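Have a look at entry.cif below; it lists mmCIF, C-alpha atoms and all ligand atoms.
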```cif
data_start
loop_
_atom_site.label_atom_id
_atom_site.label_comp_id
_atom_site.auth_asym_id
_atom_site.auth_seq_id
_atom_site.Cartn_x
_atom_site.Cartn_y
_atom_site.Cartn_z
CA MET V 7 23.45 80.60 -218.38
CA ARG V 8 26.27 80.31 -215.95
CA ALA V 9 28.96 82.90 -215.93
CA ASP V 10 32.18 81.29 -216.95
CA SER V 11 35.77 82.23 -216.46
CA GLY V 12 36.40 82.34 -220.18
CA GLY V 13 38.82 79.45 -219.95
CA ALA V 14 36.14 76.96 -220.84
CA TRP V 15 37.82 75.69 -223.94
CA VAL V 16 41.15 74.08 -224.43
CA GLN V 17 43.35 73.77 -227.44
CA GLY V 18 42.77 70.38 -228.95
CA THR V 19 45.60 68.25 -227.75
CA HIS V 20 43.57 65.16 -227.12
CA PRO V 21 43.96 62.80 -230.07
CA ALA V 22 40.29 61.86 -230.21
CA ALA V 23 39.31 65.49 -230.18
CA GLY V 24 40.83 65.86 -233.61
CA ASP V 25 39.43 68.76 -235.57
CA THR V 26 36.78 69.34 -232.99
CA LEU V 27 38.80 71.37 -230.59
CA ARG V 28 41.62 72.43 -232.85
CA ALA V 29 42.73 76.05 -232.67
CA MET V 30 40.53 79.00 -232.80
CA PRO V 31 37.81 79.70 -230.25
CA PRO V 32 36.80 83.32 -230.66
CA THR V 33 36.76 83.96 -226.96
CA MET V 34 39.14 86.66 -225.82
CA PRO V 35 42.35 84.89 -226.84
CA VAL V 36 44.87 84.08 -224.18
CA PRO V 37 48.54 84.71 -224.91
CA PRO V 38 50.40 83.84 -226.95
CA MET V 39 48.17 85.51 -229.48
CA THR V 40 48.35 84.45 -233.08
CA PRO V 41 47.21 86.41 -236.12
CA GLU V 42 44.46 83.82 -236.56
CA SER V 43 43.12 84.06 -233.01
CA ALA V 44 43.27 87.88 -233.12
CA LEU V 45 41.40 88.06 -236.43
CA LEU V 46 38.78 85.55 -235.28
CA ARG V 47 38.14 87.56 -232.15
CA ILE V 48 37.87 90.80 -234.15
CA ILE V 49 35.34 89.20 -236.47
CA HIS V 50 33.40 88.00 -233.43
CA CYS V 51 33.33 91.49 -231.90
CA LEU V 52 32.33 93.15 -235.17
CA ASP V 53 29.48 90.68 -235.60
CA ARG V 54 28.14 91.11 -232.08
CA SER V 55 28.17 94.89 -232.47
CA ARG V 56 26.33 94.72 -235.81
CA ALA V 57 29.18 96.47 -237.59
CA SER V 58 28.86 96.80 -241.34
CA GLN V 59 29.34 93.64 -243.39
CA TYR V 60 31.93 95.56 -245.36
CA LYS V 61 34.07 96.03 -242.29
CA SER V 62 33.99 92.44 -241.11
CA LYS V 63 34.56 91.17 -244.66
CA ALA V 64 38.00 92.79 -244.69
CA PHE V 65 38.93 90.80 -241.60
CA VAL V 66 37.41 87.58 -242.94
CA ARG V 67 39.50 88.08 -246.07
CA ALA V 68 42.63 88.69 -244.01
CA LEU V 69 41.92 85.54 -242.00
CA ASP V 70 41.79 83.62 -245.22
CA VAL V 71 45.14 85.05 -246.30
CA VAL V 72 46.73 84.23 -242.93
CA ARG V 73 45.50 80.67 -243.12
CA THR V 74 46.84 80.13 -246.61
CA THR V 75 50.19 81.88 -246.23
CA ASP V 76 53.30 80.20 -244.93
CA PRO V 77 53.92 81.39 -241.33
CA GLY V 78 57.56 82.02 -242.18
CA GLU V 79 56.55 84.40 -244.94
CA LEU V 80 54.19 86.25 -242.58
CA ASP V 81 57.04 86.68 -240.12
CA ARG V 82 59.41 87.95 -242.79
CA ARG V 83 56.86 90.38 -244.15
CA ALA V 84 55.99 91.65 -240.68
CA GLY V 85 59.70 92.30 -240.17
CA SER V 86 60.14 94.14 -243.43
CA GLY V 87 56.79 95.97 -243.25
CA THR V 88 55.49 94.39 -246.45
CA LEU V 89 52.39 92.55 -245.16
CA THR V 90 50.18 94.94 -247.13
CA ASP V 91 51.80 93.76 -250.36
CA LEU V 92 49.80 90.55 -249.86
CA ASP V 93 46.54 90.60 -251.77
CA GLY V 94 43.75 90.97 -249.19
CA ILE V 95 45.81 92.66 -246.47
CA GLY V 96 45.24 96.35 -245.87
CA ASP V 97 46.62 98.80 -243.32
CA SER V 98 44.33 97.83 -240.42
CA THR V 99 44.49 94.11 -241.00
CA GLY V 100 48.25 94.32 -241.57
CA ASN V 101 48.74 96.10 -238.24
CA VAL V 102 46.65 93.49 -236.45
CA ILE V 103 48.73 90.67 -237.92
CA ALA V 104 52.04 92.38 -237.12
CA GLU V 105 51.07 93.17 -233.53
CA ALA V 106 49.80 89.62 -232.97
CA LEU V 107 53.01 88.18 -234.40
CA ALA V 108 54.94 90.35 -231.94
CA GLY V 109 52.96 88.68 -229.15
CA ASP V 110 50.84 91.73 -228.36
CA VAL V 111 47.09 92.10 -228.22
CA PRO V 112 46.45 94.32 -231.27
CA THR V 113 45.44 97.87 -230.37
CA TYR V 114 42.43 97.64 -232.67
CA LEU V 115 41.19 94.55 -230.83
CA LEU V 116 41.70 96.12 -227.41
CA GLU V 117 39.49 99.05 -228.36
CA LEU V 118 36.94 96.85 -230.07
CA GLU V 119 36.62 94.55 -227.04
CA SER V 120 35.14 97.38 -224.99
CA SER V 121 33.29 99.31 -227.70
CA SER V 122 31.47 96.22 -228.99
CA GLN V 123 30.15 94.92 -225.64
CA VAL V 124 26.56 93.75 -225.83
CA THR V 125 24.69 95.24 -222.90
CA VAL V 126 21.92 93.34 -221.13
CA SER V 127 19.09 95.42 -219.71
CA ASP V 128 18.20 95.09 -216.03
CA ARG V 129 14.86 93.53 -216.79
CA ALA V 130 16.46 91.04 -219.19
CA ARG V 131 19.12 89.97 -216.70
CA PRO V 132 17.10 87.32 -214.80
CA TYR V 133 16.15 85.74 -218.13
CA VAL V 134 19.70 85.73 -219.45
CA ASP V 135 20.94 84.26 -216.17
CA ALA V 136 18.35 81.50 -216.38
CA LEU V 137 19.11 80.51 -219.97
CA ARG V 138 21.26 77.41 -220.34
CA GLY V 139 21.44 77.09 -224.10
CA ASP V 140 20.40 78.30 -227.52
CA CYS V 141 18.01 76.30 -229.71
CA HIS V 142 18.45 77.96 -233.10
CA LEU V 143 21.76 78.73 -234.80
CA HIS V 144 23.52 78.17 -238.09
CA SER V 145 26.97 77.12 -239.22
CA THR V 146 28.94 77.03 -242.47
CA TRP V 147 27.03 73.82 -243.24
CA SER V 148 24.26 76.14 -244.46
CA ASP V 149 24.45 79.95 -244.51
CA GLY V 150 26.33 80.63 -241.28
CA GLY V 151 29.76 82.24 -241.20
CA ALA V 152 31.52 79.93 -238.73
CA PRO V 153 32.02 76.17 -238.47
CA ILE V 154 30.20 74.21 -235.76
CA GLU V 155 33.44 74.01 -233.75
CA GLN V 156 33.63 77.77 -233.41
CA MET V 157 29.96 78.16 -232.63
CA ALA V 158 30.33 75.53 -229.89
CA ALA V 159 33.48 77.12 -228.47
CA THR V 160 31.74 80.48 -228.29
CA ALA V 161 28.60 79.00 -226.74
CA MET V 162 30.78 77.38 -224.09
CA SER V 163 32.60 80.62 -223.38
CA LEU V 164 29.22 82.29 -222.85
CA GLY V 165 28.47 79.72 -220.18
CA HIS V 166 25.95 77.73 -222.20
CA GLU V 167 25.49 74.06 -221.35
CA TYR V 168 24.28 73.13 -224.82
CA MET V 169 23.36 74.41 -228.23
CA VAL V 170 21.03 73.00 -230.82
CA GLN V 171 22.63 72.98 -234.26
CA THR V 172 19.86 74.01 -236.65
CA ASP V 173 21.07 74.53 -240.19
CA HIS V 174 18.58 74.99 -243.01
CA SER V 175 16.78 72.16 -244.80
CA ALA V 176 17.27 71.37 -248.49
CA ARG V 177 14.47 73.46 -249.94
CA LEU V 178 16.17 76.67 -248.89
CA THR V 179 18.72 76.46 -251.67
CA VAL V 180 19.79 80.12 -251.33
CA ALA V 181 20.98 79.26 -247.84
CA HIS V 182 22.73 76.08 -249.02
CA GLY V 183 20.21 73.96 -247.12
CA LEU V 184 21.19 70.40 -246.19
CA ASP V 185 19.77 67.42 -248.00
CA GLU V 186 19.38 64.15 -246.09
CA GLN V 187 22.83 62.92 -247.01
CA ARG V 188 24.54 66.06 -245.72
CA LEU V 189 22.36 66.18 -242.62
CA SER V 190 23.33 62.61 -241.91
CA GLU V 191 27.01 63.56 -242.22
CA GLN V 192 26.45 66.52 -239.93
CA LEU V 193 24.82 64.30 -237.31
CA ASP V 194 27.89 62.05 -237.42
CA GLN V 195 30.14 65.06 -236.90
CA ILE V 196 28.05 66.24 -233.96
CA GLU V 197 28.28 62.81 -232.39
CA ARG V 198 32.08 62.82 -232.77
CA MET V 199 32.27 66.27 -231.24
CA ASN V 200 30.13 65.28 -228.27
CA THR V 201 32.34 62.27 -227.68
CA ALA V 202 35.38 64.54 -227.77
CA PHE V 203 33.79 66.94 -225.27
CA VAL V 204 33.27 64.07 -222.85
CA GLU V 205 36.83 62.87 -223.33
CA VAL V 206 38.35 66.25 -222.53
CA GLY V 207 35.91 66.88 -219.67
CA HIS V 208 33.77 69.62 -221.21
CA HIS V 209 30.29 69.75 -219.75
CA PHE V 210 28.80 70.85 -223.03
CA ARG V 211 26.62 69.14 -225.61
CA ILE V 212 25.58 69.86 -229.14
CA LEU V 213 22.05 68.70 -229.72
CA ALA V 214 21.08 67.58 -233.19
CA GLY V 215 18.53 69.78 -234.84
CA MET V 216 17.49 71.49 -238.02
CA GLU V 217 15.55 74.56 -239.03
CA VAL V 218 13.14 72.73 -241.29
CA ASP V 219 11.18 74.65 -243.88
CA ILE V 220 7.41 74.60 -243.58
CA LEU V 221 6.40 73.95 -247.18
CA VAL V 222 3.46 75.67 -248.84
CA ASP V 223 1.00 72.93 -247.84
CA GLY V 224 2.28 72.84 -244.25
CA SER V 225 4.28 69.67 -244.67
CA LEU V 226 7.91 69.60 -243.59
CA ASP V 227 10.99 69.68 -245.79
CA LEU V 228 12.46 66.50 -244.29
CA SER V 229 11.51 62.84 -244.17
CA ASP V 230 9.90 61.37 -241.07
CA GLU V 231 12.89 59.10 -240.71
CA MET V 232 15.36 61.99 -240.52
CA LEU V 233 13.03 64.08 -238.36
CA GLY V 234 12.99 61.15 -235.96
CA ARG V 235 16.78 61.25 -235.65
CA LEU V 236 16.81 64.87 -234.50
CA ASP V 237 16.76 65.98 -230.87
CA VAL V 238 15.05 69.29 -231.55
CA VAL V 239 13.17 70.46 -234.64
CA VAL V 240 12.60 74.15 -235.36
CA ALA V 241 10.05 74.65 -238.15
CA SER V 242 9.92 77.97 -239.99
CA VAL V 243 8.18 79.56 -242.94
CA HIS V 244 10.69 80.99 -245.44
CA SER V 245 8.72 81.01 -248.68
CA LYS V 246 5.42 82.45 -249.94
CA LEU V 247 5.24 84.71 -246.91
CA ARG V 248 2.44 86.74 -248.46
CA MET V 249 -0.14 83.92 -248.63
CA GLU V 250 -3.67 84.96 -247.80
CA GLN V 251 -4.65 84.57 -244.17
CA GLN V 252 -6.64 81.36 -244.18
CA GLU V 253 -4.12 79.50 -246.29
CA MET V 254 -1.20 80.67 -244.16
CA THR V 255 -3.04 79.74 -240.97
CA GLU V 256 -3.75 76.22 -242.24
CA ARG V 257 -0.18 75.87 -243.41
CA MET V 258 1.17 76.82 -239.97
CA LEU V 259 -1.37 74.71 -238.06
CA ARG V 260 -0.36 71.61 -239.97
CA ALA V 261 3.29 72.11 -239.06
CA ILE V 262 2.56 73.01 -235.43
CA SER V 263 0.51 69.85 -234.98
CA SER V 264 3.27 67.61 -236.35
CA PRO V 265 4.61 65.43 -233.54
CA HIS V 266 8.13 66.10 -234.88
CA VAL V 267 7.98 69.87 -234.52
CA ASP V 268 9.22 71.28 -231.21
CA ILE V 269 9.62 74.98 -231.92
CA LEU V 270 7.88 77.38 -234.29
CA GLY V 271 10.67 79.64 -235.62
CA HIS V 272 10.23 83.43 -236.19
CA CYS V 273 6.47 83.06 -236.64
CA THR V 274 5.64 86.20 -238.64
CA GLY V 275 8.70 86.23 -240.87
CA ARG V 276 8.87 90.00 -240.62
CA MET V 277 12.04 92.00 -241.26
CA ILE V 278 11.68 95.26 -239.40
CA GLY V 279 11.50 98.16 -241.87
CA LYS V 280 11.77 95.79 -244.84
CA ARG V 281 9.14 93.09 -244.80
CA PRO V 282 5.77 93.11 -243.05
CA PRO V 283 4.64 90.21 -240.87
CA SER V 284 2.79 87.36 -242.56
CA ASP V 285 -0.95 87.38 -242.18
CA PHE V 286 -2.37 84.49 -240.13
CA ASP V 287 -4.97 83.88 -237.43
CA ALA V 288 -2.68 84.35 -234.45
CA GLY V 289 -5.28 83.18 -231.94
CA ALA V 290 -5.65 79.86 -233.74
CA VAL V 291 -1.89 79.48 -234.19
CA PHE V 292 -1.03 80.12 -230.53
CA ALA V 293 -3.90 77.95 -229.32
CA ALA V 294 -2.45 75.14 -231.43
CA CYS V 295 1.07 75.81 -230.11
CA ALA V 296 -0.26 75.44 -226.58
CA GLU V 297 -2.32 72.36 -227.44
CA PHE V 298 0.46 70.52 -229.28
CA ALA V 299 3.25 71.78 -226.99
CA THR V 300 5.10 73.45 -229.83
CA ALA V 301 7.16 76.26 -228.34
CA VAL V 302 6.89 79.76 -229.77
CA GLU V 303 10.36 81.05 -230.53
CA ILE V 304 11.32 84.52 -229.40
CA ASN V 305 13.79 85.29 -232.17
CA CYS V 306 16.53 87.63 -230.95
CA ARG V 307 17.82 88.91 -234.27
CA PRO V 308 17.51 92.70 -234.12
CA GLU V 309 15.97 92.88 -237.60
CA ARG V 310 13.39 90.23 -236.68
CA LEU V 311 12.48 90.46 -232.97
CA ASP V 312 9.73 88.05 -233.77
CA PRO V 313 6.96 87.73 -232.58
CA PRO V 314 6.10 91.42 -232.32
CA ARG V 315 4.93 92.61 -228.88
CA ASP V 316 1.17 92.24 -229.43
CA LEU V 317 1.53 88.67 -230.68
CA LEU V 318 3.99 87.73 -227.96
CA ARG V 319 1.53 88.92 -225.31
CA MET V 320 -1.19 86.92 -227.02
CA ALA V 321 1.00 83.80 -226.95
CA VAL V 322 1.58 84.34 -223.21
CA ASP V 323 -2.19 84.56 -222.69
CA HIS V 324 -2.62 81.26 -224.53
CA GLY V 325 -0.23 79.56 -222.11
CA CYS V 326 2.36 78.76 -224.76
CA TRP V 327 5.86 77.48 -224.17
CA PHE V 328 8.74 79.60 -225.48
CA THR V 329 12.40 79.54 -226.39
CA ILE V 330 14.71 82.57 -226.60
CA ASP V 331 16.93 81.88 -229.60
CA THR V 332 19.59 83.93 -231.32
CA ASP V 333 19.26 82.40 -234.81
CA ALA V 334 22.98 83.24 -234.91
CA HIS V 335 24.75 83.10 -238.26
CA ALA V 336 28.11 84.09 -236.72
CA THR V 337 29.79 83.55 -233.36
CA GLY V 338 29.29 87.15 -232.23
CA GLN V 339 25.55 86.85 -232.75
CA LEU V 340 25.37 84.17 -230.05
CA GLU V 341 25.64 87.12 -227.66
CA TRP V 342 22.25 88.45 -228.73
CA GLN V 343 20.08 86.47 -226.31
CA GLY V 344 19.76 89.60 -224.19
CA LEU V 345 17.75 91.25 -226.97
CA GLY V 346 15.10 88.55 -226.98
CA ALA V 347 15.25 88.36 -223.18
CA ASP V 348 14.47 92.06 -222.99
CA ARG V 349 11.46 91.56 -225.22
CA ALA V 350 10.35 88.57 -223.12
CA ALA V 351 10.60 90.64 -219.94
CA GLU V 352 8.68 93.51 -221.49
CA CYS V 353 5.85 91.17 -222.52
CA GLN V 354 5.92 89.34 -219.18
CA VAL V 355 6.78 85.91 -220.51
CA PRO V 356 7.03 83.67 -217.42
CA ILE V 357 10.60 82.41 -217.08
CA ASP V 358 9.35 78.93 -216.22
CA ARG V 359 7.68 78.70 -219.65
CA ILE V 360 11.00 79.15 -221.44
CA LEU V 361 12.34 75.78 -222.51
CA ASN V 362 15.97 76.71 -222.89
CA THR V 363 16.17 77.47 -219.20
CA LEU V 364 15.97 73.68 -218.78
CA PRO V 365 19.06 71.48 -218.51
CA ALA V 366 19.73 69.53 -221.71
CA ASP V 367 18.31 66.25 -220.38
CA GLU V 368 15.05 67.87 -219.39
CA LEU V 369 14.82 69.70 -222.69
CA LEU V 370 15.33 66.39 -224.48
CA ALA V 371 12.68 64.71 -222.37
CA TRP V 372 10.34 67.56 -223.28
CA THR V 373 10.98 67.36 -227.02
CA ALA V 374 10.74 63.57 -227.00
CA ALA V 375 7.37 63.64 -225.24
ZN ZN V 401 14.69 81.09 -240.49
ZN ZN V 402 17.54 80.39 -238.74
#
```
Produce structure tokens that represent the structure in this file.
Amino acid sequence: MRADSGGAWVQGTHPAAGDTLRAMPPTMPVPPMTPESALLRIIHCLDRSRASQYKSKAFVRALDVVRTTDPGELDRRAGSGTLTDLDGIGDSTGNVIAEALAGDVPTYLLELESSSQVTVSDRARPYVDALRGDCHLHSTWSDGGAPIEQMAATAMSLGHEYMVQTDHSARLTVAHGLDEQRLSEQLDQIERMNTAFVEVGHHFRILAGMEVDILVDGSLDLSDEMLGRLDVVVASVHSKLRMEQQEMTERMLRAISSPHVDILGHCTGRMIGKRPPSDFDAGAVFAACAEFATAVEINCRPERLDPPRDLLRMAVDHGCWFTIDTDAHATGQLEWQGLGADRAAECQVPIDRILNTLPADELLAWTAA
């Protein structure tokens, strides 16, 4: 990805941009700071540093209060020191709001900016520099914590040229997966956003995608018609992860061989320290990925880091294609590509086999082929 000056986004003043570019981007806010921009940036930094959910929840709650409270009341309360009388505002969040209202960068945010930096290892650096986008991420449409607008603004600030919006499919009800109607609405929103980007001169695109569930029999949780409307399809196993080996292998092979599937998401489904990898014939699976040009995702989430090293090396030996994806569920997690890049470097994944080093048009040509 290209380094960017951080000024990649603009406040949405263009009429056609509408909601798309309104307010918010959780990049380091430029003055004048508002309570909202300060809180968004704090939430971003807490998420990227893997701070406790408990901690970031307090700031999410405060953000909610700020957004639903009359600005005049916030000002008055900041003046009289009664912000903490508001339900959902504590000492730390109250200080942040008061300092932001005074036009200062809150002390808490200043410290957090440096303490929460995500470091990129030396061996990961060439990979991170080569990456132009992220092919797997979620928004509030399914189980993500930020709307598409914020994910896009963050991706832009990181120097990405594109992102593939991949919310969950309908079967994953716990993650509020999208049925065809909602997916169709999301695709319309993405189209409007892309039009707005062009109008304001942003060289950034949101590609239409979905993380589609691989059902028990290996079929996909989306109709052929809708699959055909997507630019990039990530297919993942989320259910019945403990199937016996042959069944799981057949299930995965059927999905991998589907002409609609472009990327096999977090192939083993493991959660480090919590859930073992699924049992499948990895040789057969990676041979099929190579044969059907289905990329093997290197999932960056620290609790996944999937595939594990031995399988990743095996996929390299099979001549597979790869993507390095954050599977971000919050803006801060978009900064995690360095984790997967480090794993890719360690397992000697050739950079020219990584699809999201391609410009968007070439990636689209690849997935359409
Ligand atoms: Zn998943
Ligand atoms: Zn996901």
(message) Around ligand ZN 402 (chain V), which protein and nucleic acid residues have at least one atom no more than 8 Å from it, if we count only C-alpha atoms and all ligand atoms? List them as a list in words.
(response) His142, Leu143, His144, Thr172, Asp173, His174, Glu217, Gly271, Asp333, Ala334 and His335 of chain V
Taking a cut-off of 12 Å and counting all atoms listed in the file, can you build a table that, for each residue of stretch 214-326 of chain V near stretch 195-210 of chain V, reports the nearest atom pair and how far apart they are in Å (one decimal), sorted by chain then residue number, as JSON lines?
```
{"residue": "V:Ala214", "atom": "CA", "partner": "V:Ile196", "partner_atom": "CA", "distance": 7.1}
{"residue": "V:Gly215", "atom": "CA", "partner": "V:Ile196", "partner_atom": "CA", "distance": 10.2}
{"residue": "V:Leu236", "atom": "CA", "partner": "V:Ile196", "partner_atom": "CA", "distance": 11.3}
{"residue": "V:Asp237", "atom": "CA", "partner": "V:Ile196", "partner_atom": "CA", "distance": 11.7}
```
Expected axis-aligned box over every listed atom of stretch 64-75 of chain V, 3 Å added per side, centre plus edges in Å to one decimal, as lines of an AutoDock Vina configuration file:
```
center_x = 43.8
center_y = 86.5
center_z = -244.1
size_x = 18.8
size_y = 18.7
size_z = 11.0
```
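Proximity to ligand ZN 401 (chain V) was assessed for V:Leu370, V:Met320, V:Ala351, V:Leu270 counting all atoms listed in the file; the smallest distance is recorded for V:Leu270.
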(request) Find the residues near V:Gly109: any atom within 7 Å, counting all atoms listed in the file, skip ones fewer than 3 places away on the same chain, and give them as a list of chain:residue names. (result)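 Close residues of V:Gly109: V:Pro38, V:Met39, V:Glu105, V:Ala106.
Excluding V:Ala296 itself and same-chain residues fewer than 5 positions from it, the residues having an atom within 7 Å of it are His324, Gly325, Cys326 and Trp327 of chain V, counting all atoms listed in the file.
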(message) So the first atom is atom CA of V:Ala84 and the second is atom CA of V:Glu42; what is the distance between them in Å, to one decimal place?
(response) 14.5 Å
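Interatomic distance, atom CA of V:Leu89 against atom CA of V:Glu119: 24.1 Å.
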(message) From the options V:Arg310, V:Arg281, V:Arg359, V:His272, which residue's atoms come nearest to ligand ZN 401 (chain V), counting all atoms listed in the file?
(response)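 Selected residue with least distance to ligand ZN 401 (chain V): V:His272.
For the pair atom CA of V:Ile48 and atom CA of V:Pro153, the interatomic distance is 16.3 Å.
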(message) Just checking: using all atoms listed in the file, which residue out of V:Cys51, V:Val238, V:Leu92, V:Leu178 ends up closest to V:Val124?
(response) V:Cys51
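Among the candidates V:Asp219, V:Glu191, V:Glu186, V:Asp358, the residue lying nearest to ligand ZN 401 (chain V) is V:Asp219 (atoms considered: all atoms listed in the file).
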(request) Would you mind listing what lies within 10 Å of V:Gly151 as a PyMOL selection string, with only C-alpha atoms counted and same-chain residues fewer than 3 positions away left out? (result) chain V and resi 66+144-148+154+156-157+334-337
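Proximity ranking of V:Leu221, V:Cys295, V:Ala152, V:Ala64 relative to V:Asp97 places V:Ala64 first, based on all atoms listed in the file.
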How would stretch 322-341 of chain V read, as an mmCIF file, in the frame of the given file, once N, CA, C and O atoms are built in?
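Saved result, result.cif, follows:
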```cif
data_model
loop_
_atom_site.group_PDB
_atom_site.id
_atom_site.type_symbol
_atom_site.label_atom_id
_atom_site.label_comp_id
_atom_site.auth_asym_id
_atom_site.auth_seq_id
_atom_site.Cartn_x
_atom_site.Cartn_y
_atom_site.Cartn_z
ATOM 1 N N VAL V 322 1.511 84.511 -224.672
ATOM 2 C CA VAL V 322 1.580 84.340 -223.210
ATOM 3 C C VAL V 322 0.186 84.022 -222.681
ATOM 4 O O VAL V 322 -0.009 83.096 -221.881
ATOM 5 N N ASP V 323 -0.801 84.773 -223.147
ATOM 6 C CA ASP V 323 -2.190 84.560 -222.690
ATOM 7 C C ASP V 323 -2.696 83.161 -223.050
ATOM 8 O O ASP V 323 -3.535 82.609 -222.351
ATOM 9 N N HIS V 324 -2.192 82.606 -224.134
ATOM 10 C CA HIS V 324 -2.620 81.260 -224.530
ATOM 11 C C HIS V 324 -1.883 80.173 -223.759
ATOM 12 O O HIS V 324 -2.130 78.987 -223.975
ATOM 13 N N GLY V 325 -0.954 80.567 -222.906
ATOM 14 C CA GLY V 325 -0.230 79.560 -222.110
ATOM 15 C C GLY V 325 0.801 78.790 -222.904
ATOM 16 O O GLY V 325 1.076 77.626 -222.612
ATOM 17 N N CYS V 326 1.365 79.442 -223.917
ATOM 18 C CA CYS V 326 2.360 78.760 -224.760
ATOM 19 C C CYS V 326 3.673 78.545 -224.000
ATOM 20 O O CYS V 326 3.959 79.189 -223.001
ATOM 21 N N TRP V 327 4.460 77.618 -224.549
ATOM 22 C CA TRP V 327 5.860 77.480 -224.170
ATOM 23 C C TRP V 327 6.685 78.369 -225.099
ATOM 24 O O TRP V 327 6.235 78.687 -226.210
ATOM 25 N N PHE V 328 7.899 78.711 -224.670
ATOM 26 C CA PHE V 328 8.740 79.600 -225.480
ATOM 27 C C PHE V 328 10.188 79.115 -225.495
ATOM 28 O O PHE V 328 10.592 78.309 -224.652
ATOM 29 N N THR V 329 10.943 79.624 -226.455
ATOM 30 C CA THR V 329 12.400 79.540 -226.390
ATOM 31 C C THR V 329 12.910 80.941 -226.738
ATOM 32 O O THR V 329 12.219 81.699 -227.421
ATOM 33 N N ILE V 330 14.076 81.297 -226.233
ATOM 34 C CA ILE V 330 14.710 82.570 -226.600
ATOM 35 C C ILE V 330 15.956 82.197 -227.397
ATOM 36 O O ILE V 330 16.944 81.706 -226.833
ATOM 37 N N ASP V 331 15.879 82.380 -228.710
ATOM 38 C CA ASP V 331 16.930 81.880 -229.600
ATOM 39 C C ASP V 331 17.575 82.994 -230.404
ATOM 40 O O ASP V 331 16.887 83.888 -230.900
ATOM 41 N N THR V 332 18.888 82.866 -230.593
ATOM 42 C CA THR V 332 19.590 83.930 -231.320
ATOM 43 C C THR V 332 19.467 83.810 -232.836
ATOM 44 O O THR V 332 19.597 84.786 -233.546
ATOM 45 N N ASP V 333 19.239 82.580 -233.345
ATOM 46 C CA ASP V 333 19.260 82.400 -234.810
ATOM 47 C C ASP V 333 20.600 82.925 -235.339
ATOM 48 O O ASP V 333 20.663 83.550 -236.406
ATOM 49 N N ALA V 334 21.662 82.684 -234.571
ATOM 50 C CA ALA V 334 22.980 83.240 -234.910
ATOM 51 C C ALA V 334 23.516 82.655 -236.209
ATOM 52 O O ALA V 334 23.430 81.454 -236.446
ATOM 53 N N HIS V 335 24.066 83.521 -237.031
ATOM 54 C CA HIS V 335 24.750 83.100 -238.260
ATOM 55 C C HIS V 335 26.243 83.404 -238.157
ATOM 56 O O HIS V 335 26.946 83.376 -239.167
ATOM 57 N N ALA V 336 26.701 83.775 -236.963
ATOM 58 C CA ALA V 336 28.110 84.090 -236.720
ATOM 59 C C ALA V 336 28.321 83.982 -235.214
ATOM 60 O O ALA V 336 27.362 84.114 -234.445
ATOM 61 N N THR V 337 29.565 83.773 -234.799
ATOM 62 C CA THR V 337 29.790 83.550 -233.360
ATOM 63 C C THR V 337 29.343 84.755 -232.525
ATOM 64 O O THR V 337 28.736 84.587 -231.477
ATOM 65 N N GLY V 338 29.628 85.957 -232.999
ATOM 66 C CA GLY V 338 29.290 87.150 -232.230
ATOM 67 C C GLY V 338 27.791 87.272 -231.966
ATOM 68 O O GLY V 338 27.358 87.819 -230.943
ATOM 69 N N GLN V 339 27.005 86.739 -232.882
ATOM 70 C CA GLN V 339 25.550 86.850 -232.750
ATOM 71 C C GLN V 339 25.001 85.948 -231.647
ATOM 72 O O GLN V 339 23.859 86.114 -231.214
ATOM 73 N N LEU V 340 25.806 84.993 -231.183
ATOM 74 C CA LEU V 340 25.370 84.170 -230.050
ATOM 75 C C LEU V 340 25.216 85.020 -228.788
ATOM 76 O O LEU V 340 24.630 84.585 -227.807
ATOM 77 N N GLU V 341 25.753 86.225 -228.825
ATOM 78 C CA GLU V 341 25.640 87.120 -227.660
ATOM 79 C C GLU V 341 24.335 87.914 -227.667
ATOM 80 O O GLU V 341 24.127 88.773 -226.816
#
```
